[in-house]
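Data block below; observations after.
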Amino acid sequence: MPKGSPSHPSIAERSEQPSLQQALFDAHNILTAYVKVHDAIFKFSIRKVLPIPGLFQKIDYESHVAKLTILASDLERVGKSADFYQQPPVFLEFVLALLSTILHLRDICIQMVAKIQGIGDYPMAKYKRDFEAYKALVNRYASLGATLNTQIGGSRG
């Protein structure tokens with residue numbers, strides 16, 4: 001894990017309870033990194049649709065599993081270290097919803113790795129059920145994030 005800059009140490013480097021601002025900053029950075037992984041997997045690309053030799057871009061599920069594992073660990077650290085008595089109540093709900101979403105996507109990626117390597121079966125029907133559950137989790141954290149943004153925005157003004 002890369003070290004944080006002197007003005008923004010990494011989550012693992014801080015021992016004190018983070019302020020609301022720092023906890024939100026950490027959660028936002030984790031969310032941003034997670035969205036990049038999500039987009040790398042699901043964002044439409046003609047290169048994914050048309051497997052033209054030399055142009056086909058396979059999805060690197062193994063790399064995504066590693067990234068999602070790190071993000072989940074970092075988000076758990078945010079959840080455990082934040083002083084929730086000073087946080088808006090919806091912040092913990094948001095952190096937990098985002099964590100569930102990240103872990104669910106990681107589980108999908110693990111299943112895809114096993115299928116690609118020929119060491120597991122991931123039937124399309126199960127994938128579709130998992131994907132629908134994943135979309136519901138995305139909607140949950142997004143809704144909580146909107147509520148959190150409203151509460152934080154209202155408390156600043």
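Residues are referred to by chain and number: the chain letter is A, B, ... according to the order shown in the structure tokens, the number counts from 1 in that chain, and ligands are numbered separately from 1 in the order shown.
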| Residues within 9 Å of Gly145 of chain A, only C-alpha atoms, excluding chain neighbours under 5 positions, as a ChimeraX atom specification | /A:90-91,94,140,150
Give me a file of those residues, with N, CA and C atoms, as a tab-separated table (two decimals), in the first residue's frame.
```tsv
chain	number	residue	atom	x	y	z
A	90	VAL	N	-25.96	8.47	9.40
A	90	VAL	CA	-25.99	7.79	8.11
A	90	VAL	C	-24.59	7.43	7.61
A	91	PHE	N	-23.56	8.02	8.20
A	91	PHE	CA	-22.19	7.72	7.73
A	91	PHE	C	-21.85	6.25	7.93
A	94	PHE	N	-23.68	4.20	5.44
A	94	PHE	CA	-23.05	4.32	4.13
A	94	PHE	C	-21.79	3.45	4.05
A	140	ARG	N	-28.33	0.89	-2.91
A	140	ARG	CA	-28.39	1.17	-1.47
A	140	ARG	C	-27.30	2.14	-1.05
A	150	THR	N	-26.47	15.29	1.59
A	150	THR	CA	-27.46	16.29	2.00
A	150	THR	C	-27.24	16.70	3.44
```
| task | Find the distance between atom CA of Asp130 of chain A and atom CA of Val65 of chain A and write it in Å to one decimal. | result |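 Value for the atom CA of Asp130 of chain A-atom CA of Val65 of chain A distance: 15.8 Å.
From atom CA of Ala23 of chain A back to atom CA of Ala146 of chain A, the distance works out to 16.5 Å.
Atom CA of Ala27 of chain A lies 23.8 Å from atom CA of Ile110 of chain A.
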| field | A:Gln22, A:Val37, A:Pro89, A:Ser143 ranked by distance to Glu62 of chain A, top pick (using only C-alpha atoms) | value |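 Counting only C-alpha atoms, the residue closest to Glu62 of chain A is A:Val37.
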| message | Calculated over only C-alpha atoms, which of the candidates A:Ala97, A:Ile70, A:Ala142, A:Ile152 has the smallest distance to Leu24 of chain A? | response |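 Looking only at the distances to Leu24 of chain A, the closest residue turns out to be A:Ile152.
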| Which of A:Gln151, A:Gln86, A:Thr32, A:Ser63 sits closest to Leu98 of chain A [using only C-alpha atoms] |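 For Leu98 of chain A, the nearest of the candidates is A:Thr32.
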| field | Selection: 12 Å around Glu76 of chain A, only C-alpha atoms, excl. self and same-chain fewer than 5 positions, as a list in words | value |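 Close residues of Glu76 of chain A: Ile11, Ala12, Ala23, Asp26, Ala27, Ile30, Thr69, Ile70, Leu71, Ser81, Ala82, Leu92, Phe94, Val95, Leu96, Ala97, Leu98, Leu99, Ser100, Ile102 and Leu103 of chain A.
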Could you write out the selected residues, including C-alpha atoms, as a compact mmCIF listing (two decimals), in the first residue's frame?
```txt
# COMPACT_ATOMS: atom_id res chain seq x y z
CA ILE A 11 -5.41 5.25 6.82
CA ALA A 12 -3.02 2.65 8.27
CA ALA A 23 -13.26 10.01 7.70
CA ASP A 26 -10.98 8.47 3.34
CA ALA A 27 -14.41 7.04 2.46
CA ILE A 30 -12.13 4.43 -1.33
CA THR A 69 -9.70 -6.81 -1.12
CA ILE A 70 -7.47 -3.83 -0.31
CA LEU A 71 -10.39 -1.40 -0.63
CA SER A 81 -11.45 3.99 13.55
CA ALA A 82 -14.13 6.63 13.05
CA LEU A 92 -21.89 4.28 9.37
CA PHE A 94 -23.05 4.32 4.13
CA VAL A 95 -19.71 2.73 5.08
CA LEU A 96 -21.37 -0.63 5.74
CA ALA A 97 -23.42 -0.48 2.52
CA LEU A 98 -20.34 0.39 0.45
CA LEU A 99 -18.38 -2.39 2.16
CA SER A 100 -21.12 -4.92 1.35
CA ILE A 102 -17.32 -4.03 -2.59
CA LEU A 103 -17.31 -7.50 -1.03
```
| field | Top pick for closest residue to Tyr61 of chain A, considering A:Gln87, A:Gln111, A:Asn139, A:Thr147 and counting only C-alpha atoms | value |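 Smallest distance to Tyr61 of chain A is found for A:Gln111.
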| field | Using only C-alpha atoms: which of A:Lys80, A:Arg129, A:Lys43, A:His28 has the shortest distance to His104 of chain A | value | A:Arg129
| field | Distance query Met112 of chain A at most 8 Å, only C-alpha atoms, self and fewer than 4 positions along chain excluded, as a PyMOL selection string | value | chain A and resi 61+108+116+122
Limited to N, CA and C atoms, could you put the picked residues into a file as a compact mmCIF listing (two decimals), in the first residue's frame?
```txt
# COMPACT_ATOMS: atom_id res chain seq x y z
N TYR A 61 -9.84 -10.13 -13.88
CA TYR A 61 -10.57 -10.35 -12.63
C TYR A 61 -9.64 -10.57 -11.44
N ILE A 108 -18.06 -11.91 -6.89
CA ILE A 108 -18.36 -12.17 -8.31
C ILE A 108 -17.05 -12.36 -9.07
N ILE A 116 -12.70 -18.99 -15.25
CA ILE A 116 -11.70 -18.80 -16.30
C ILE A 116 -10.56 -19.80 -16.15
N TYR A 122 -19.48 -21.36 -12.76
CA TYR A 122 -20.27 -20.17 -12.42
C TYR A 122 -21.35 -20.04 -13.49
```
